[in-house]
Amino acid sequence: MAPKVSKGGKAAKQNEGPTEAEEPLQAVVFTDSHETRFIPFTYSQPRCLLKLANTPLIEYTLEWLASVGVQEVFVHTAGNHSEQVEAYLEQSRWQDTFDSLRTITSAATSIGDAMRDLDEKGLMKGDFISVYGDLVANIDISAALSSHKTRRLKNKDAIMTMILREAGDYHRTKDQHNRQCFVIDSDTSRCIHYEQVRPRKSPRLDIPAEVMKDHVDIDMREDLIDCGIDICTPDSLAQWSDSFDWKRPRKDFVHGVLQDYETFGRTIHTHIVKEGYAARVNSLRAYDAVSKDVVSRWTYPYSPDMNLLADQTYQLAKGNVYREDRVTLARSSSIGRRTVLGEGTSVGEGSVIINSVIGRRCVIGKRVRIENAYLWDDAHIGDDTVVETAIVADDVSVGKKCHVKRGALISQGVRIADGVVVNENAKVAKVERDDDDEVVQGVTDPKIVGEGGEGFLIELNEEEEGVYEALLAGVQDMDLVEDDDDDSDFDSADEDGAEYEHEMVPAARSGSFASVASNESEEGAELKRRKAEFVRTATDSVLDGMTKKQNEDNIQLELQSHRLAENAEDSWIREAVAAAFSRYIVALTENEEEPQKPKVAAEAAIMTNQRLITACVKEAGEQAEFLLFLQIDLLHRQQAGEVLLHAAYVLAIEDFVDSVGLQEWWDDFRSSRTQELQDLRDKAKGVVTSMVAAAAAESSEGEESGEDEDDEDEDDE
């Protein structure tokens, strides 16, 4: 949970002697993005209060603002749900956390209108942070704030700094049809050109000639994630007021300021963050991906078991399963990995829940299967029903023997009768907006919800059809070292959208982004998707075999069948096997009935399944790679340091890895590219040091023995 900001001052600091009084760090949170991407859910609730992993979105945003030292927050609301936002914040803990928390309501119909409203009210005393109310982040921006202030002292016309996250060129959440391109001066970090291009229609950037002439060293970046975090000046608000036709922060404001540089001289700069997590939940696709990141702890410390709300009681169990108090599970029910269960929820006999988030007070009947889905509070699912890759909102009732197919969105209060099939991508709602933009009860369509049901189908207009896609198709393992696949069927992100990429060697579980060259080919992206799919499937297969104590030869045989089917590379095999061993050893240490010490667990896991290692790990380079994959997968797991230490010891003492392989792992820059990785690796330093020293001593003894034998030969002569 974010540290509380002290009243009347700043976040805790070390004493640095007398300093001049500083203006409090302010932030503005825009809770209305003026989009329709979350219809029909936003008919009843504002997006910022929709729950992600059973916690309202705005909680993540305010947690992050508190963690970076913000003292005064202005929450800007517009539209029909302003009262809900204001009422929620008035009763929240944030009134006592920040020095000031104020809700501003306006009739804005765009971000541009909201910015002009802020300028007119004159609330910003100095530089401030601008974010959206759907931001999930844990990045550190202290360096960005410092650079911005230093820059402002030298140049008052530096009116904004965009904080961008370094990422990859391709990811399931990226809108591949509308790409954001930043052209940046390498020396000054100044953004000198911004453009959105459609690769198939306009693959070339339209960079003005003077930009190329005036700036010698430039970076053209298409691999940066823009999650809407800006450090703004009051003068930036004035620019909005001077241009009443500007509506969007990037396509209008940034593009316009850059175009007018020769006339007014105002500049916009960038600060590129390379570690940490930051994403906007600005589409259904992003909602799915960020939910899985939260459940899989990529957003740490913002995970369910941190219990951001005072009444939450989540506890973490193995397999990234989170349960609140008073959850009732039938003896024959099965709860799979990456699942969240809210308080008061009950699950009936024979029901299976996998990779899903279940809200509070939900009633799951008998023999129900829920996979890769989201059920919000008070949802009821009847016996023998299947819910796959769908969102079922608050107070929804789905009858017996129903099938909610992938991509379906069932809005608040809908009633689905027994035996109904909800088709793929269907949007079913109970209310709608009339011509006066008022929420009214819709007319129930029995063809959609069955006899006795309540709800109707929302037809997509042409504009929505252009961006609307179904829900995520496959089950995803965010715990894998690389997670690039998952052909997501959620909405693509908007023009200021948050997209992000998981890297092969993450900075931490919270740093699930990749640094991939921006000219990555489509073939390369396809290869990454294939690899992620294989590693995920192979890891699950090996882990399942070890958990069930199957013969290692049978596990290896199944692994090889996966390999042949996908034409997998050797490195993919090592990654999957290393990840499986990591999770199996940790699972043994967390066994509720007979938890084992890391030393015992590591020895049991490795020695019982040693052929899996010897089949894919032979020479030193492969040994180093296996250790690296093991290290990365262990990051942020329980007792990670102890597990890595004892696993490395067993691997070394049993000759699965030798001193050369250990040294290559130790010298590999990827094993220490972040402080967290280095700290984890250092737990095994004793093993590496002793094994390398022993090998050196043995080599020295061998040389001395050889010299003695030569001397004896000479004497004989």
# chains A, B, ... in the order shown; residues from 1 in each chain; ligands from 1
$ select_by_dssp --residues "region 100-265 of chain A" --states "strand (DSSP E or B)" --output "count of residues only"
52
$ residues_around --residues "Ser243 (chain A)" --least-positions-apart "2" --cutoff "12 Å" --atoms "only C-alpha atoms" --output "CSV table (one decimal) with N, CA and C atoms, in the first residue's frame"
chain,number,residue,atom,x,y,z
A,112,GLY,N,-9.8,18.1,-24.0
A,112,GLY,CA,-9.5,19.5,-24.3
A,112,GLY,C,-10.4,20.4,-23.5
A,113,ASP,N,-11.7,20.1,-23.4
A,113,ASP,CA,-12.6,20.9,-22.6
A,113,ASP,C,-12.2,20.9,-21.2
A,115,MET,N,-9.2,20.4,-19.9
A,115,MET,CA,-8.0,21.2,-19.7
A,115,MET,C,-8.4,22.7,-19.7
A,116,ARG,N,-9.2,23.2,-20.6
A,116,ARG,CA,-9.6,24.6,-20.6
A,116,ARG,C,-10.4,25.0,-19.3
A,236,SER,N,1.0,25.2,-20.1
A,236,SER,CA,0.4,24.2,-21.0
A,236,SER,C,-1.1,24.3,-21.1
A,237,LEU,N,-1.7,24.6,-19.9
A,237,LEU,CA,-3.2,24.8,-19.9
A,237,LEU,C,-3.6,26.0,-20.8
A,238,ALA,N,-2.7,27.0,-20.7
A,238,ALA,CA,-3.0,28.2,-21.5
A,238,ALA,C,-3.0,27.9,-23.0
A,239,GLN,N,-2.2,26.9,-23.4
A,239,GLN,CA,-2.1,26.6,-24.8
A,239,GLN,C,-3.4,25.9,-25.2
A,240,TRP,N,-4.0,25.1,-24.3
A,240,TRP,CA,-5.3,24.5,-24.6
A,240,TRP,C,-6.4,25.6,-24.8
A,241,SER,N,-6.3,26.6,-23.9
A,241,SER,CA,-7.3,27.7,-24.0
A,241,SER,C,-7.2,28.5,-25.2
A,245,ASP,N,-10.2,24.2,-30.7
A,245,ASP,CA,-10.6,23.0,-31.4
A,245,ASP,C,-9.7,21.8,-31.0
A,246,TRP,N,-8.8,22.0,-30.1
A,246,TRP,CA,-8.0,20.8,-29.6
A,246,TRP,C,-8.9,20.0,-28.7
A,247,LYS,N,-8.9,18.7,-28.9
A,247,LYS,CA,-9.7,17.8,-28.1
A,247,LYS,C,-8.8,16.7,-27.4
A,248,ARG,N,-7.8,16.2,-28.2
A,248,ARG,CA,-7.1,15.1,-27.7
A,248,ARG,C,-5.6,15.4,-27.3
A,252,ASP,N,-3.9,16.2,-31.0
A,252,ASP,CA,-4.2,17.7,-31.2
A,252,ASP,C,-3.1,18.5,-30.4
A,253,PHE,N,-3.0,18.3,-29.1
A,253,PHE,CA,-2.1,19.2,-28.3
A,253,PHE,C,-0.7,19.0,-28.7
A,256,GLY,N,0.0,19.8,-32.3
A,256,GLY,CA,-0.2,21.3,-32.5
A,256,GLY,C,1.0,22.1,-32.0
A,257,VAL,N,1.4,21.8,-30.8
A,257,VAL,CA,2.5,22.6,-30.2
A,257,VAL,C,3.8,22.4,-31.0
A,260,ASP,N,3.7,24.4,-34.1
A,260,ASP,CA,3.9,25.9,-33.9
A,260,ASP,C,5.2,26.3,-33.3
$ select_by_dssp --residues "region 13-106 of chain A" --states "helix (DSSP H, G or I)" --output "NGL selection string"
:A and (41-43 or 47-49 or 57-67 or 82-90 or 94-97)
$ write_last_selection --atoms "C-alpha atoms" --output "PDB file, in the first residue's frame"
ATOM      1  CA  PHE A  41     -20.930  -1.340 -18.391  1.00  0.00           C
ATOM      2  CA  THR A  42     -20.504   2.437 -18.302  1.00  0.00           C
ATOM      3  CA  TYR A  43     -24.238   2.974 -18.687  1.00  0.00           C
ATOM      4  CA  ARG A  47     -15.048   3.539 -15.910  1.00  0.00           C
ATOM      5  CA  CYS A  48     -12.844   4.614 -12.996  1.00  0.00           C
ATOM      6  CA  LEU A  49     -15.133   2.740 -10.565  1.00  0.00           C
ATOM      7  CA  LEU A  57      -9.636   1.247 -10.989  1.00  0.00           C
ATOM      8  CA  ILE A  58      -9.222   4.652  -9.399  1.00  0.00           C
ATOM      9  CA  GLU A  59      -7.699   3.010  -6.312  1.00  0.00           C
ATOM     10  CA  TYR A  60      -4.671   1.923  -8.352  1.00  0.00           C
ATOM     11  CA  THR A  61      -4.309   5.430  -9.772  1.00  0.00           C
ATOM     12  CA  LEU A  62      -4.487   7.178  -6.405  1.00  0.00           C
ATOM     13  CA  GLU A  63      -2.152   4.609  -4.829  1.00  0.00           C
ATOM     14  CA  TRP A  64       0.466   5.431  -7.420  1.00  0.00           C
ATOM     15  CA  LEU A  65       0.032   9.191  -7.039  1.00  0.00           C
ATOM     16  CA  ALA A  66       0.516   8.866  -3.271  1.00  0.00           C
ATOM     17  CA  SER A  67       3.602   6.707  -3.787  1.00  0.00           C
ATOM     18  CA  SER A  82     -20.034  12.615 -11.620  1.00  0.00           C
ATOM     19  CA  GLU A  83     -22.113  12.120  -8.483  1.00  0.00           C
ATOM     20  CA  GLN A  84     -20.961   8.510  -8.148  1.00  0.00           C
ATOM     21  CA  VAL A  85     -17.294   9.502  -8.360  1.00  0.00           C
ATOM     22  CA  GLU A  86     -17.715  12.325  -5.859  1.00  0.00           C
ATOM     23  CA  ALA A  87     -19.653  10.139  -3.399  1.00  0.00           C
ATOM     24  CA  TYR A  88     -17.046   7.370  -3.631  1.00  0.00           C
ATOM     25  CA  LEU A  89     -14.142   9.714  -2.951  1.00  0.00           C
ATOM     26  CA  GLU A  90     -15.889  11.461  -0.074  1.00  0.00           C
ATOM     27  CA  TRP A  94      -7.932   9.276   0.351  1.00  0.00           C
ATOM     28  CA  GLN A  95      -9.486  12.252   2.121  1.00  0.00           C
ATOM     29  CA  ASP A  96      -7.025  11.572   4.959  1.00  0.00           C
ATOM     30  CA  THR A  97      -4.098  10.508   2.782  1.00  0.00           C
TER      31      THR A  97
END
$ residues_around --residues "Glu625 (chain A)" --least-positions-apart "2" --cutoff "10 Å" --atoms "only C-alpha atoms" --output "list in words"
Ser571, Arg574, Glu575, Ala578, Val617, Ala620, Gly621, Glu622, Gln623, Leu627, Leu628, Phe629, Leu630, Gln631, Gly661, Leu662, Glu664, Trp665, Asp668 and Ser671 of chain A
$ residues_around --residues "Ile381 (chain A)" --least-positions-apart "6" --cutoff "6 Å" --atoms "only C-alpha atoms" --output "list in words"
Ile364, Gly365 and Val398 of chain A
$ write_last_selection --atoms "C-alpha atoms" --output "compact mmCIF listing (two decimals), in the first residue's frame"
# COMPACT_ATOMS: atom_id res chain seq x y z
CA ILE A 364 -21.47 -20.67 -8.66
CA GLY A 365 -23.69 -23.74 -9.13
CA VAL A 398 -27.18 -16.77 -15.71
$ closest_atom_pairs --of "region 72-137 of chain A" --to "region 309-313 of chain A" --cutoff "12 Å" --atoms "only C-alpha atoms" --output "tab-separated table"
residue	atom	partner	partner_atom	distance
A:Gln91	CA	A:Ala310	CA	11.9
A:Ser92	CA	A:Leu309	CA	9.1
A:Arg93	CA	A:Ala310	CA	8.5
A:Trp94	CA	A:Leu309	CA	10.9
$ closest_residue --among "A:Val420, A:Ala694, A:Val600, A:Val281" --to "Gly133 (chain A)" --atoms "only C-alpha atoms"
A:Val281
$ closest_atom_pairs --of "region 397-434 of chain A" --to "region 439-446 of chain A" --cutoff "9 Å" --atoms "only C-alpha atoms" --output "CSV"
residue,atom,partner,partner_atom,distance
A:Ala417,CA,A:Pro446,CA,9.0
A:Ala429,CA,A:Gly442,CA,7.9
A:Lys430,CA,A:Gly442,CA,5.7
A:Val431,CA,A:Gln441,CA,4.5
A:Glu432,CA,A:Val439,CA,5.5
A:Arg433,CA,A:Val439,CA,4.5
A:Asp434,CA,A:Val439,CA,6.6
$ write_last_selection --atoms "C-alpha atoms" --output "PDB file, in the first residue's frame"
ATOM      1  CA  ALA A 417     -32.937 -17.812 -18.547  1.00  0.00           C
ATOM      2  CA  ALA A 429     -27.645  -4.950 -21.391  1.00  0.00           C
ATOM      3  CA  LYS A 430     -30.656  -4.115 -19.279  1.00  0.00           C
ATOM      4  CA  VAL A 431     -30.547  -0.327 -19.705  1.00  0.00           C
ATOM      5  CA  GLU A 432     -29.658   2.017 -22.538  1.00  0.00           C
ATOM      6  CA  ARG A 433     -29.381   5.727 -23.248  1.00  0.00           C
ATOM      7  CA  ASP A 434     -32.167   7.605 -24.967  1.00  0.00           C
TER       8      ASP A 434
END
